[in-house]
Each structure stands twice: as C-alpha cells, then as structure tokens.
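S.K.: Structure file protein-v2.txt (compact mmCIF, C-alpha atoms and all ligand atoms) right here:
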# COMPACT_ATOMS: atom_id res chain seq x y z
CA MET H 1 -171.25 128.07 125.67
CA LEU H 2 -173.53 125.82 123.72
CA THR H 3 -172.48 122.55 122.14
CA VAL H 4 -175.22 120.70 120.32
CA PHE H 5 -176.03 118.89 117.09
CA LEU H 6 -179.39 120.12 115.76
CA THR H 7 -180.62 117.66 113.20
CA ASN H 8 -183.61 117.03 110.93
CA CYS H 9 -184.53 120.71 111.10
CA ARG H 10 -185.83 122.99 108.40
CA ILE H 11 -182.99 125.50 108.06
CA ILE H 12 -184.41 128.79 106.87
CA ASP H 13 -181.58 131.24 106.19
CA PRO H 14 -182.59 134.23 104.04
CA TYR H 15 -179.06 135.70 104.17
CA ASN H 16 -177.84 132.72 102.16
CA HIS H 17 -181.08 132.04 100.27
CA LYS H 18 -181.47 128.65 101.93
CA ASP H 19 -184.57 126.73 102.88
CA GLU H 20 -183.63 123.10 103.31
CA ILE H 21 -183.76 120.17 105.69
CA GLY H 22 -180.42 119.65 107.39
CA SER H 23 -178.32 119.86 110.51
CA ILE H 24 -176.45 122.54 112.39
CA TYR H 25 -173.48 121.58 114.52
CA ILE H 26 -172.71 124.12 117.22
CA LYS H 27 -169.49 123.64 119.18
CA ASP H 28 -168.57 125.93 122.08
CA GLY H 29 -171.04 128.51 120.81
CA LYS H 30 -169.71 128.53 117.24
CA ILE H 31 -171.17 127.04 114.08
CA GLU H 32 -168.97 124.12 113.05
CA GLY H 33 -171.17 122.78 110.30
CA VAL H 34 -174.45 123.60 108.57
CA GLY H 35 -176.38 122.01 105.73
CA PRO H 36 -177.97 118.80 104.49
CA ASP H 37 -174.95 116.56 105.03
CA VAL H 38 -173.13 117.55 108.17
CA PRO H 39 -171.72 114.35 109.75
CA GLU H 40 -172.92 113.67 113.28
CA PRO H 41 -170.09 114.48 115.69
CA GLU H 42 -169.12 111.99 118.36
CA GLN H 43 -170.02 112.55 121.97
CA CYS H 44 -172.19 115.57 121.31
CA PRO H 45 -175.73 116.14 122.59
CA LYS H 46 -178.15 115.70 119.73
CA LEU H 47 -181.59 117.22 119.23
CA ASP H 48 -183.96 115.85 116.63
CA LEU H 49 -185.91 118.89 115.43
CA LYS H 50 -188.23 117.23 112.95
CA GLY H 51 -190.95 119.69 111.95
CA LYS H 52 -189.15 122.65 113.51
CA TRP H 53 -187.63 125.63 111.75
CA VAL H 54 -184.21 127.01 112.61
CA SER H 55 -183.59 130.58 111.55
CA PRO H 56 -180.92 133.19 112.27
CA GLY H 57 -182.01 135.29 115.28
CA LEU H 58 -184.84 137.68 114.44
CA ILE H 59 -184.25 141.45 114.33
CA ASP H 60 -186.73 144.08 115.52
CA ILE H 61 -185.77 147.57 114.44
CA HIS H 62 -188.61 149.32 116.27
CA CYS H 63 -189.40 148.78 119.94
CA HIS H 64 -189.74 150.79 123.12
CA LEU H 65 -187.89 149.52 126.18
CA ARG H 66 -188.89 152.43 128.47
CA GLU H 67 -185.56 152.53 130.27
CA PRO H 68 -184.45 155.08 131.37
CA GLY H 69 -187.44 156.75 132.97
CA GLU H 70 -190.46 154.47 132.87
CA GLU H 71 -189.14 151.25 134.36
CA TYR H 72 -192.60 150.41 135.73
CA LYS H 73 -193.62 149.67 132.11
CA GLU H 74 -190.53 147.81 130.90
CA THR H 75 -186.79 147.67 131.45
CA ILE H 76 -183.89 146.59 129.31
CA ASP H 77 -183.90 143.41 131.39
CA THR H 78 -187.60 142.54 130.94
CA GLY H 79 -187.66 143.89 127.38
CA THR H 80 -184.80 141.67 126.23
CA MET H 81 -186.46 138.72 127.99
CA SER H 82 -189.63 139.43 126.02
CA ALA H 83 -187.51 139.73 122.86
CA VAL H 84 -185.79 136.37 123.13
CA ALA H 85 -189.08 134.71 124.10
CA GLY H 86 -190.37 136.03 120.78
CA GLY H 87 -187.30 134.79 118.85
CA PHE H 88 -185.52 138.16 118.57
CA THR H 89 -181.80 138.33 119.29
CA THR H 90 -181.39 141.90 118.04
CA ILE H 91 -183.66 144.80 118.97
CA CYS H 92 -183.50 148.53 118.37
CA PRO H 93 -185.10 150.68 121.06
CA MET H 94 -186.56 154.01 119.97
CA PRO H 95 -185.27 157.15 121.68
CA ASN H 96 -188.48 158.37 123.36
CA THR H 97 -187.38 157.38 126.86
CA LYS H 98 -187.35 159.84 129.77
CA PRO H 99 -185.03 161.62 129.18
CA PRO H 100 -184.91 160.85 125.46
CA ASN H 101 -181.87 159.24 123.89
CA ASP H 102 -180.57 162.42 122.29
CA CYS H 103 -177.00 162.42 123.61
CA ALA H 104 -174.09 160.00 123.95
CA ALA H 105 -174.54 159.63 127.73
CA ILE H 106 -178.01 158.07 127.30
CA THR H 107 -176.89 155.88 124.40
CA ARG H 108 -174.02 154.61 126.54
CA PHE H 109 -176.33 154.04 129.51
CA ILE H 110 -178.63 151.85 127.37
CA LEU H 111 -175.69 149.88 126.01
CA ASP H 112 -174.18 149.42 129.47
CA ARG H 113 -177.49 148.07 130.79
CA ALA H 114 -177.82 145.76 127.80
CA ARG H 115 -174.28 144.49 128.28
CA ALA H 116 -174.95 143.78 131.96
CA VAL H 117 -178.09 141.81 131.07
CA ASP H 118 -176.33 140.12 128.11
CA ARG H 119 -179.42 138.39 126.73
CA ALA H 120 -179.86 140.00 123.31
CA ARG H 121 -178.14 142.56 121.12
CA VAL H 122 -179.51 146.04 121.80
CA LEU H 123 -178.81 148.63 119.11
CA PRO H 124 -180.18 152.01 120.16
CA ILE H 125 -181.82 154.45 117.79
CA ALA H 126 -181.05 158.03 118.78
CA ALA H 127 -183.22 161.11 118.42
CA ILE H 128 -183.06 163.27 115.30
CA THR H 129 -183.60 166.44 117.30
CA LYS H 130 -182.64 167.49 120.81
CA GLY H 131 -185.37 166.56 123.26
CA GLN H 132 -187.34 165.29 120.24
CA LYS H 133 -188.61 168.85 120.01
CA GLY H 134 -188.18 169.09 116.26
CA GLU H 135 -185.90 172.13 116.36
CA GLU H 136 -182.19 171.41 116.74
CA ILE H 137 -180.43 168.39 115.18
CA THR H 138 -178.54 166.11 117.61
CA GLU H 139 -174.81 165.28 117.38
CA PHE H 140 -175.08 162.44 114.85
CA GLY H 141 -171.34 161.73 114.75
CA ASP H 142 -170.96 161.56 118.52
CA LEU H 143 -174.07 159.37 118.87
CA ILE H 144 -172.92 156.95 116.16
CA SER H 145 -169.44 156.62 117.61
CA ASN H 146 -171.08 155.77 120.93
CA GLY H 147 -173.28 153.05 119.41
CA ALA H 148 -176.42 154.60 117.91
CA VAL H 149 -177.39 152.83 114.65
CA ALA H 150 -180.00 155.21 113.19
CA PHE H 151 -182.00 158.34 114.00
CA SER H 152 -185.69 158.92 114.63
CA ASP H 153 -187.97 161.16 116.64
CA ASP H 154 -190.46 158.28 116.78
CA GLY H 155 -193.50 159.00 118.88
CA VAL H 156 -193.71 162.39 117.25
CA PRO H 157 -193.09 163.57 113.69
CA VAL H 158 -190.40 166.08 112.78
CA LYS H 159 -192.92 168.82 112.20
CA ARG H 160 -190.85 171.26 110.18
CA ALA H 161 -189.87 170.15 106.68
CA ASN H 162 -186.65 172.20 106.74
CA VAL H 163 -185.48 170.38 109.88
CA MET H 164 -186.20 166.99 108.28
CA ARG H 165 -184.35 168.13 105.17
CA LEU H 166 -181.36 169.17 107.26
CA ALA H 167 -181.37 165.80 109.07
CA LEU H 168 -181.36 163.92 105.75
CA GLU H 169 -178.56 166.13 104.42
CA TYR H 170 -176.54 165.73 107.61
CA SER H 171 -177.05 161.93 107.53
CA LEU H 172 -175.07 161.75 104.27
CA ASN H 173 -171.88 162.43 106.25
CA PHE H 174 -172.43 159.27 108.29
CA ASP H 175 -174.25 157.06 105.78
CA CYS H 176 -177.00 156.43 108.33
CA VAL H 177 -180.75 156.08 108.07
CA ILE H 178 -183.34 158.64 109.13
CA ILE H 179 -186.54 156.98 110.36
CA SER H 180 -189.76 158.89 109.82
CA HIS H 181 -192.73 158.78 112.17
CA SER H 182 -195.08 160.06 109.48
CA GLU H 183 -197.95 162.01 110.95
CA GLU H 184 -199.40 165.38 110.01
CA LEU H 185 -200.40 166.52 113.50
CA GLU H 186 -202.88 169.23 112.50
CA LEU H 187 -204.82 166.73 110.43
CA ALA H 188 -204.59 163.99 113.06
CA GLY H 189 -205.97 166.61 115.44
CA ASN H 190 -207.36 165.08 118.59
CA GLY H 191 -208.21 161.85 116.78
CA VAL H 192 -207.97 158.64 118.78
CA ILE H 193 -208.94 155.96 116.22
CA ASN H 194 -209.19 155.56 112.46
CA GLU H 195 -211.54 158.01 110.78
CA GLY H 196 -214.37 156.00 109.27
CA LYS H 197 -216.98 153.46 110.20
CA MET H 198 -215.84 152.89 113.78
CA SER H 199 -215.24 156.55 114.65
CA ILE H 200 -218.83 157.29 113.60
CA LEU H 201 -220.21 154.24 115.38
CA LEU H 202 -218.39 154.92 118.64
CA GLY H 203 -218.61 158.70 118.44
CA LEU H 204 -214.83 159.08 118.74
CA ARG H 205 -212.70 161.55 116.83
CA GLY H 206 -210.97 159.96 113.86
CA ILE H 207 -207.54 160.17 112.25
CA PRO H 208 -207.71 160.08 108.44
CA ASN H 209 -205.28 158.03 106.34
CA ALA H 210 -204.14 161.31 104.82
CA ALA H 211 -202.47 162.34 108.10
CA GLU H 212 -199.99 159.51 107.50
CA ASP H 213 -199.82 159.71 103.71
CA ILE H 214 -198.95 163.41 103.54
CA PHE H 215 -195.86 162.99 105.71
CA VAL H 216 -194.83 159.77 103.95
CA TYR H 217 -194.86 161.72 100.71
CA ARG H 218 -193.19 164.79 102.25
CA ASP H 219 -190.30 162.77 103.63
CA ILE H 220 -189.90 160.80 100.41
CA ARG H 221 -189.64 164.09 98.47
CA LEU H 222 -187.05 165.30 100.96
CA ALA H 223 -185.08 162.05 100.63
CA GLU H 224 -185.23 162.50 96.86
CA THR H 225 -184.01 166.09 97.13
CA THR H 226 -181.15 165.31 99.49
CA ASN H 227 -180.28 161.77 98.36
CA GLY H 228 -180.45 160.74 102.04
CA ARG H 229 -181.58 157.31 103.21
CA LEU H 230 -185.11 157.35 104.59
CA HIS H 231 -187.01 154.64 106.42
CA ILE H 232 -190.74 154.96 107.07
CA ALA H 233 -191.90 153.50 110.39
CA HIS H 234 -195.16 151.61 110.99
CA VAL H 235 -196.85 151.93 107.60
CA SER H 236 -200.60 151.42 108.04
CA THR H 237 -202.46 152.82 105.01
CA LYS H 238 -202.98 151.55 101.47
CA GLU H 239 -202.04 154.94 100.04
CA ALA H 240 -198.71 154.99 101.93
CA VAL H 241 -197.87 151.56 100.47
CA LYS H 242 -198.61 152.94 97.00
CA ILE H 243 -196.56 156.13 97.53
CA ILE H 244 -193.58 154.09 98.75
CA ARG H 245 -193.90 151.57 95.91
CA GLU H 246 -193.81 154.39 93.34
CA ALA H 247 -190.87 156.09 95.07
CA LYS H 248 -188.89 152.85 95.02
CA GLU H 249 -189.65 152.45 91.33
CA ARG H 250 -188.10 155.81 90.58
CA GLY H 251 -185.02 155.00 92.65
CA VAL H 252 -185.55 156.98 95.86
CA LYS H 253 -183.53 155.56 98.77
CA VAL H 254 -186.55 154.67 100.86
CA THR H 255 -187.37 151.59 102.89
CA CYS H 256 -190.27 150.89 105.20
CA GLU H 257 -191.70 148.63 107.85
CA THR H 258 -195.12 147.61 109.02
CA ALA H 259 -196.13 146.09 112.35
CA PRO H 260 -197.98 142.78 112.83
CA HIS H 261 -201.18 144.45 114.01
CA TYR H 262 -201.58 146.26 110.70
CA PHE H 263 -201.73 142.96 108.80
CA SER H 264 -203.65 141.07 111.52
CA LEU H 265 -206.29 143.50 112.76
CA THR H 266 -208.63 146.21 111.53
CA GLU H 267 -210.38 149.12 113.24
CA ASP H 268 -213.07 146.64 114.29
CA ALA H 269 -210.76 145.65 117.16
CA VAL H 270 -211.55 148.92 118.99
CA ASP H 271 -215.25 147.99 119.20
CA GLY H 272 -216.55 148.25 122.75
CA TYR H 273 -214.04 151.07 123.33
CA ASN H 274 -211.25 148.53 123.66
CA THR H 275 -208.27 150.63 124.70
CA LEU H 276 -205.99 147.61 124.19
CA ALA H 277 -206.44 148.20 120.46
CA LYS H 278 -205.65 151.92 120.65
CA MET H 279 -202.45 152.82 118.86
CA ASN H 280 -200.83 155.40 116.62
CA PRO H 281 -201.14 155.12 113.67
CA PRO H 282 -204.56 153.60 114.38
CA LEU H 283 -205.78 150.25 113.12
CA ARG H 284 -207.29 150.86 109.70
CA THR H 285 -209.79 149.15 107.39
CA GLU H 286 -209.80 145.73 105.74
CA GLU H 287 -208.77 147.39 102.47
CA ASP H 288 -205.71 148.86 104.15
CA ARG H 289 -204.89 145.55 105.81
CA LEU H 290 -204.95 143.74 102.46
CA ALA H 291 -202.77 146.44 100.86
CA ILE H 292 -200.22 145.97 103.67
CA ILE H 293 -200.11 142.22 102.93
CA GLU H 294 -199.65 143.01 99.21
CA GLY H 295 -196.77 145.32 100.16
CA LEU H 296 -195.14 142.55 102.19
CA LYS H 297 -195.52 140.14 99.30
CA ASP H 298 -194.15 142.35 96.51
CA GLY H 299 -191.23 143.78 98.51
CA THR H 300 -192.56 147.32 98.90
CA ILE H 301 -192.44 146.71 102.65
CA ASP H 302 -188.90 145.72 103.63
CA CYS H 303 -189.46 144.35 107.09
CA ILE H 304 -191.81 143.62 109.95
CA ALA H 305 -191.09 145.57 113.15
CA THR H 306 -193.04 145.13 116.37
CA ASP H 307 -193.45 148.72 117.62
CA HIS H 308 -193.52 146.98 121.02
CA ALA H 309 -194.95 149.72 123.25
CA PRO H 310 -195.43 148.64 126.87
CA HIS H 311 -197.88 150.55 129.07
CA SER H 312 -199.10 149.84 132.58
CA ILE H 313 -202.68 148.91 133.30
CA LEU H 314 -203.32 152.43 134.65
CA GLU H 315 -202.57 154.00 131.29
CA LYS H 316 -204.88 151.59 129.46
CA GLU H 317 -207.79 151.01 131.86
CA CYS H 318 -209.31 154.44 131.52
CA GLU H 319 -211.62 156.28 129.13
CA PHE H 320 -210.69 155.81 125.49
CA GLU H 321 -209.58 159.40 124.82
CA ARG H 322 -207.16 159.35 127.73
CA ALA H 323 -205.71 155.86 127.17
CA ALA H 324 -202.10 155.60 126.01
CA ASN H 325 -201.28 154.59 122.44
CA GLY H 326 -199.53 151.34 121.64
CA ILE H 327 -199.38 147.62 122.31
CA ILE H 328 -196.67 145.16 123.22
CA GLY H 329 -195.56 143.02 120.32
CA LEU H 330 -192.28 141.16 120.76
CA GLU H 331 -193.93 137.87 121.77
CA THR H 332 -196.82 137.89 119.29
CA ALA H 333 -195.03 139.12 116.14
CA LEU H 334 -193.72 135.76 114.97
CA PRO H 335 -196.98 133.83 115.59
CA LEU H 336 -198.95 136.52 113.73
CA GLY H 337 -196.44 136.33 110.88
CA ILE H 338 -196.75 132.55 110.77
CA GLU H 339 -200.50 133.05 110.33
CA LEU H 340 -199.71 134.67 106.96
CA VAL H 341 -197.74 131.55 106.03
CA ARG H 342 -200.62 129.30 107.04
CA ASN H 343 -202.99 131.43 104.95
CA GLY H 344 -200.71 130.94 101.94
CA GLN H 345 -199.89 134.66 101.77
CA LEU H 346 -196.13 134.35 102.42
CA SER H 347 -193.64 131.51 102.13
CA PRO H 348 -191.72 130.60 105.29
CA LEU H 349 -188.53 131.92 103.66
CA LYS H 350 -190.16 135.25 102.81
CA LEU H 351 -191.61 135.62 106.30
CA ILE H 352 -188.28 134.89 107.98
CA SER H 353 -186.57 137.27 105.56
CA LEU H 354 -188.93 140.06 106.70
CA PHE H 355 -187.71 139.39 110.26
CA THR H 356 -183.98 138.98 109.48
CA LYS H 357 -182.39 140.01 106.20
CA GLY H 358 -185.01 142.72 105.59
CA PRO H 359 -184.37 144.71 108.79
CA SER H 360 -180.63 144.00 108.55
CA MET H 361 -180.52 145.65 105.12
CA VAL H 362 -182.59 148.63 106.26
CA LEU H 363 -180.01 149.48 108.93
CA ASN H 364 -176.97 148.20 107.01
CA LEU H 365 -176.18 145.69 109.76
CA ASP H 366 -173.50 143.11 109.22
CA PHE H 367 -175.30 139.78 109.56
CA LYS H 368 -174.19 136.79 107.54
CA GLY H 369 -176.66 134.08 108.57
CA PHE H 370 -175.46 130.55 109.12
CA LYS H 371 -171.77 130.35 108.20
CA VAL H 372 -169.10 128.05 109.59
CA GLY H 373 -166.99 129.93 112.13
CA GLU H 374 -169.70 132.42 113.07
CA ILE H 375 -170.96 132.69 116.66
CA ALA H 376 -174.35 130.96 116.91
CA ASP H 377 -177.25 133.41 116.84
CA LEU H 378 -180.47 131.60 116.08
CA VAL H 379 -184.02 130.76 116.95
CA ILE H 380 -185.76 127.40 116.94
CA ILE H 381 -189.37 127.80 115.87
CA ASP H 382 -192.21 125.32 116.23
CA PRO H 383 -194.72 126.41 113.58
CA GLU H 384 -197.38 124.12 115.06
CA ARG H 385 -197.06 125.04 118.74
CA GLU H 386 -200.27 126.50 120.07
CA PHE H 387 -200.48 128.82 123.04
CA THR H 388 -202.93 131.24 124.55
CA VAL H 389 -201.79 134.80 125.17
CA THR H 390 -202.32 135.49 128.88
CA PRO H 391 -200.64 137.87 131.31
CA GLU H 392 -198.94 134.82 132.86
CA SER H 393 -197.58 133.64 129.51
CA LEU H 394 -195.91 136.99 128.72
CA TYR H 395 -192.37 137.91 129.70
CA SER H 396 -192.82 141.62 129.11
CA ARG H 397 -193.44 143.69 132.23
CA SER H 398 -196.60 145.05 130.58
CA HIS H 399 -199.56 143.12 129.20
CA ASN H 400 -201.25 145.66 126.95
CA THR H 401 -202.14 143.65 123.89
CA PRO H 402 -205.42 143.17 122.03
CA PHE H 403 -204.39 139.54 121.55
CA LEU H 404 -204.96 138.70 125.22
CA GLY H 405 -207.06 135.56 125.37
CA ARG H 406 -206.33 134.71 121.73
CA GLN H 407 -204.96 131.31 120.86
CA LEU H 408 -202.00 131.66 118.51
CA LYS H 409 -200.18 128.97 116.59
CA GLY H 410 -196.44 128.91 115.94
CA ARG H 411 -193.76 130.36 118.20
CA ALA H 412 -190.11 130.49 119.20
CA ILE H 413 -189.27 127.57 121.48
CA ALA H 414 -185.56 128.30 121.98
CA THR H 415 -183.30 131.25 121.26
CA VAL H 416 -179.51 131.29 121.11
CA TYR H 417 -177.72 134.61 121.41
CA HIS H 418 -173.95 134.95 121.16
CA GLY H 419 -173.35 131.24 121.42
CA LYS H 420 -175.43 130.87 124.56
CA CYS H 421 -178.99 129.82 125.20
CA SER H 422 -181.03 132.87 126.19
CA PHE H 423 -184.52 131.33 125.96
CA ASP H 424 -185.51 127.71 126.30
CA LEU H 425 -189.26 127.13 126.58
CA ASP H 426 -189.10 123.37 127.08
CA GLY H 427 -185.64 123.15 128.60
CA MET H 428 -184.35 121.15 125.64
CA LEU H 429 -181.04 123.03 125.38
CA SER H 430 -180.29 123.07 129.10
CA SER H 431 -178.23 119.88 129.01
CA CYS H 432 -176.17 121.15 126.07
CA GLU H 433 -174.62 124.15 127.75
CA ARG H 434 -171.27 124.26 129.45
CA ARG H 435 -170.49 127.16 131.68
CA SER H 436 -167.15 128.60 130.79
ZN ZN N 1 -194.07 156.03 115.66
Starting from the file, give its structure as structure tokens.

M.R.:
Amino acid sequence: MLTVFLTNCRIIDPYNHKDEIGSIYIKDGKIEGVGPDVPEPEQCPKLDLKGKWVSPGLIDIHCHLREPGEEYKETIDTGTMSAVAGGFTTICPMPNTKPPNDCAAITRFILDRARAVDRARVLPIAAITKGQKGEEITEFGDLISNGAVAFSDDGVPVKRANVMRLALEYSLNFDCVIISHSEELELAGNGVINEGKMSILLGLRGIPNAAEDIFVYRDIRLAETTNGRLHIAHVSTKEAVKIIREAKERGVKVTCETAPHYFSLTEDAVDGYNTLAKMNPPLRTEEDRLAIIEGLKDGTIDCIATDHAPHSILEKECEFERAANGIIGLETALPLGIELVRNGQLSPLKLISLFTKGPSMVLNLDFKGFKVGEIADLVIIDPEREFTVTPESLYSRSHNTPFLGRQLKGRAIATVYHGKCSFDLDGMLSSCERRS
C-alpha cells in the first residue's frame, strides 16, 4: 500500500468542485488529508509535484478489451495496463467479445480476470439482446446481480424499434442505463467513410450524418415514451448534438458521450486511404468537429469515452473496404483532451470532469473524489510532458491509431488504483510503496 505526501500539486477534483493548489497525504493506501493546508507528516516520503495536476482516477465507459475470444488484439491484462498508462482507473468494456457478454457466466469471467490482474476497476457492460442479434432481451436482473453496470449492443444498433422500446421499459425495473449505438444500417449501407468531400475524392462509399441522426432521434423518442434512461455512444455529427441538446431541454433522460477523435480529427485523416483512421461512426467534417467541441463546452455532451478498439495489423493493413473499424484510444485520450485546454476551449476542471464526474453520473457510479478516509484512486498528470506515439511507447497489445508518429503534449505520469501504484512512468512512487 502506498504512503506518500504529494505536495505543491494542482488538485483538480470535479466531484467536490475543487481546483486548487495543495497537498494530498496518502497513508497505507488511504487519503489522510487533502487540501491547501495539510500539515506535512513526519517520516513520510514526500513528492513535490509543482506544475502537475492530481485528479481522481479517470473513468472510460466505452472500451473494447477483446477478451474472451480475440486475445491476439487485447486482453484484460494488456487492456488494463493501457488504461492505467492513460490515467484511467475505471473502464467499462463493451459486450461485443466472442462470445458476447450476454449472460452472467461471461460477465463473471471478465470480472474474475480483472480481479486476478487487479490493476484497474473493470465494470462490464452487458448486451441488450442475446447474441447481440437484436431479437431477444437478455436477463438484465441476473446480469446486474453478477456485476454488469449497463446494457448496450455496441458494435451494432438494435435494429427494431420495438425491441429498443422493450429494453428501455425493462430497464426501469433495474434503474439502469441503455446505451445506444445509433446507426441506421440501410442508410449506412456499405459505406466505409464519411459521405462528402473525401468519399468523392477517394471514390469510397460514404456514410451520411443522417444514418447516425435518425437513430439518435429514434432512441430519444423511445426514451421519452418509456421514461427509460438512455445514453448515446460516440456522438459524431453536429445534428446529433443538436437533437440531444433539444431533448435535454425538454427533460428527456438522455446523456451522451463523444470520443477524442471526433474533436481532434476530421475526415481528412483518411486521405491516402489511411485505414488507421477508419472507424464507425466515421470521422466527419470540420463543422461537425466544432459542434462536438461546443457540445462539450455547454454540457450537451456528458463525458469523453475512448471507444478503444484494438485490432491487429492484419485487420488494418489491407484494402480500405476490408479494413476493420476502430482505433485504440486509452493512452491518447487525455493528451488529446489537454489539447482542448491549451487551445482555451475547456478549463482543466471541465476537462477532468468530462473524464470523471461526467461518466460517473451517466452510469450512476458511486465516486466521491478526494475525501479523507477514502481509498486512494488518482492520477498524476504532467500537462507539459511531451511524447511521441510509437508502437514501442504503447502498452496496448494493438497499435492501430492514426496518432502514430504524432507528438502529443500532456499525459498521465503515475496512476494509483485501490491504494496501490498501478502505473509509474518515471518510477517516482516506487520508493513510497510498502508491500503488505
Ligand atoms: Zn458503437
């Protein structure tokens, strides 16, 4: 367990609306003191963190860990390593594993693996329908009592509106969230990138914004009809932001997330048939990107989620049409978010809130931030640290990211999960830990 006096740090704690310079005293893994005037304890290792931020551990409510079934892409072991290297202490894997997480046995398997690794909190999201086939609703009660925290068929939409309606109605019994992968498949057709300038230029089939917007609206109407709690995954279009903003204004129980690539990149990234920038929903236009940033600023978008989607080189180094969708994101999310702070688009407190309190509220998780007596769960961030994204620098088993070769600024340098150090880039916490 960790015993250390972190001092001179910028404590950013959205749960308690704090952004102040101060100290955090951690003793045997527990927070003993936090704030601007915590007295320095005697005989305790001390770390001067001038210029660094200390935040509660980040939460990612949308990632793909590929275990069970595709361990050559990622495992719960490598995925949680990637998570803590990115500053995340809590991650929620989506159910589209092989087999999918649609029954208690799979949920328990994931949790058992996570417990054995013991590096970050893994909260599985279970499937809405059996086999993610969009027909028969799964056993919500059984899945929740075995540890599932929400339901989604992510990867595919729930095609039939009556099934989605039933899921939202059923969710009322358990007060849980239904997460929508919003995509009208007929309209998306065989599209592989955004429909517009780049699809014409490259001669590739496009996916119009409307394919996303129609299902965002459909699911919002169903949430309104049923009074169920709906969360929209990976929002990428300006119209979807508008539809969600209006729904929130009229009191619909809807929340949403975007992913860092939708506020950092546009469809231009696929130029040269770059399969590393192929994803679903596809990267959109500059107008969409700016609308996403507006949504983050005004609270329409509740949180940033990575949609970390590992794929092997074989699935990406092939012709564009055949390449798999998705990019890894756990280790680049925070640096890309910090870019918004540097550009003056978000305050540090707002950014950290989108990675902590925001996702916690979406899933009704019980996080309290920095409070005396709580087990330490935090990340130390150096907003000035520069690094180049290379396959060697990544902890994920897969390296499919369009940010390869990019120099990013700002990153997690140490992560503490459950009172223990689970990531320590510079080895600064190593002398502060006592094995117990
Ligand atoms: Zn999805």

S.K.: Within 7 Å of ligand ZN 1 (chain N) (counting all atoms listed in the file), which residues show up? I'd like them as a list in words.

M.R.: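 For ligand ZN 1 (chain N), the residues inside 7 Å are Asp154, Gly155, Val156, His181, Ala233, His234 and Asn280 of chain H.
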
S.K.: Find the distance between CA of Thr226 in chain H and CA of Glu169 in chain H and write it in Å to one decimal.

M.R.: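 Rounded to one decimal, the two atoms are 5.6 Å apart.
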
S.K.: Which one of H:Glu67, H:Glu186, H:Asp426, H:Glu331 sits closest to His308 in chain H if you count all atoms listed in the file?

M.R.: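 Checking each candidate against His308 in chain H, we get H:Glu331 as the closest.
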
S.K.: Which one is closest to Cys9 in chain H: H:Arg121, H:Lys73, H:Lys52, H:Arg342? Count only C-alpha atoms.

M.R.: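 Closest candidate: H:Lys52.
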
S.K.: Enumerate, as a JSON list (two decimals) with C-alpha atoms, keeping the file's coordinate frame, the protein, DNA and RNA residues whose atoms approach (-175.5, 116.6, 111.3) to within 9 Å, taking into account only C-alpha atoms and the coordinate frame of the file.

M.R.:
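Dumped everything to point.json:
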[["chain", "number", "residue", "atom", "x", "y", "z"],
["H", 5, "PHE", "CA", -176.03, 118.89, 117.09],
["H", 6, "LEU", "CA", -179.39, 120.12, 115.76],
["H", 7, "THR", "CA", -180.62, 117.66, 113.20],
["H", 8, "ASN", "CA", -183.61, 117.03, 110.93],
["H", 22, "GLY", "CA", -180.42, 119.65, 107.39],
["H", 23, "SER", "CA", -178.32, 119.86, 110.51],
["H", 24, "ILE", "CA", -176.45, 122.54, 112.39],
["H", 25, "TYR", "CA", -173.48, 121.58, 114.52],
["H", 33, "GLY", "CA", -171.17, 122.78, 110.30],
["H", 34, "VAL", "CA", -174.45, 123.60, 108.57],
["H", 35, "GLY", "CA", -176.38, 122.01, 105.73],
["H", 36, "PRO", "CA", -177.97, 118.80, 104.49],
["H", 37, "ASP", "CA", -174.95, 116.56, 105.03],
["H", 38, "VAL", "CA", -173.13, 117.55, 108.17],
["H", 39, "PRO", "CA", -171.72, 114.35, 109.75],
["H", 40, "GLU", "CA", -172.92, 113.67, 113.28],
["H", 41, "PRO", "CA", -170.09, 114.48, 115.69],
["H", 46, "LYS", "CA", -178.15, 115.70, 119.73]]

S.K.: Using CA of Glu386 in chain H and CA of Cys421 in chain H as the two end points, give the distance in Å to one decimal.

M.R.: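 Separation between CA of Glu386 in chain H and CA of Cys421 in chain H: 22.1 Å.
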
S.K.: Give me the residues near Pro93 in chain H as a list in words, where near means some atom within 8 Å (using only C-alpha atoms) and where sequence neighbours in that chain fewer than 3 positions away do not count.

M.R.: Ile61, His62, Cys63, His64, Leu65, Val122, Leu123, Pro124 and Ile125 of chain H

S.K.: In Å to one decimal, how far is CA of His311 in chain H from CA of Ala150 in chain H?

M.R.: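 A separation of 24.4 Å between them.
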
S.K.: Find, counting all atoms listed in the file, the residue in H:Glu184, H:Asp102, H:Glu249, H:Asp382 that gets nearest to Asp219 in chain H.

M.R.: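 Of H:Glu184, H:Asp102, H:Glu249, H:Asp382, the one nearest Asp219 in chain H, counting all atoms listed in the file, is H:Glu184.
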
S.K.: Neighbours of Asp288 in chain H within 12 Å (only C-alpha atoms; same-chain residues fewer than 5 positions away dropped), as a count of residues only?

M.R.: 23

S.K.: As JSON, please report the centre and edge lengths, rounded to one decimal in Å, of the axis-aligned box that holds all listed atoms of range 184-199 of chain H with 5 Å of padding on each of the six sides.

M.R.:
{"center_x": -208.2, "center_y": 161.1, "center_z": 114.0, "size_x": 27.6, "size_y": 26.3, "size_z": 19.5}

S.K.: Which is closest to Glu374 in chain H among H:Cys318, H:Thr390, H:His418, H:Leu187, if we use only C-alpha atoms?

M.R.: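 Checking each of H:Cys318, H:Thr390, H:His418, H:Leu187 against Glu374 in chain H, counting only C-alpha atoms, the winner is H:His418.
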
S.K.: For Leu168 in chain H, which residue among H:Ile328, H:Ile31, H:Ile220, H:Leu276 is the nearest when counting all atoms listed in the file?

M.R.: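 Nearest candidate to Leu168 in chain H out of H:Ile328, H:Ile31, H:Ile220, H:Leu276: H:Ile220.
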
S.K.: Between H:Ile106, H:Val270, H:Met198, H:Ile59, which is the closest to Phe367 in chain H once you count all atoms listed in the file?

M.R.: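 Smallest distance to Phe367 in chain H is found for H:Ile59.
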
S.K.: Quick one: everything within 7 Å of Ala259 in chain H, counting only C-alpha atoms, minus sequence neighbours fewer than 5 positions away in the same chain. Send it as an NGL selection string.

M.R.: :H and (234 or 304-307)

S.K.: Using all atoms listed in the file, find all polymer residues with an atom at most 9 Å away from the point (-177.8, 144.7, 121.1); report them as a list in words.

M.R.: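 So the residues meeting the distance criterion are Thr89, Thr90, Ile91, Cys92, Leu111, Ala114, Arg115, Asp118, Arg119, Ala120, Arg121, Val122, Leu123 and Pro124 of chain H.
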
S.K.: Leaving out range 349-360 of chain H and any residue of its chain fewer than 3 positions from it, which residues lie within 7 Å of it when counting all atoms listed in the file, given as a list in words?

M.R.: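 The contact residues come out as Ile12, Pro14, Tyr15, Asp19, Leu58, Ile59, Ile61, Asp302, Cys303, Ile304, Gly337, Leu346, Leu363, Asn364, Leu365 and Phe367 of chain H.
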
S.K.: Name all residues at most 7 Å from Val84 in chain H (count all atoms listed in the file; drop same-chain ones fewer than 6 positions away) and give them as a list of chain:residue names.

M.R.: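 Using all atoms listed in the file, the neighbours found are H:Ala120, H:Thr415, H:Ser422, H:Phe423.
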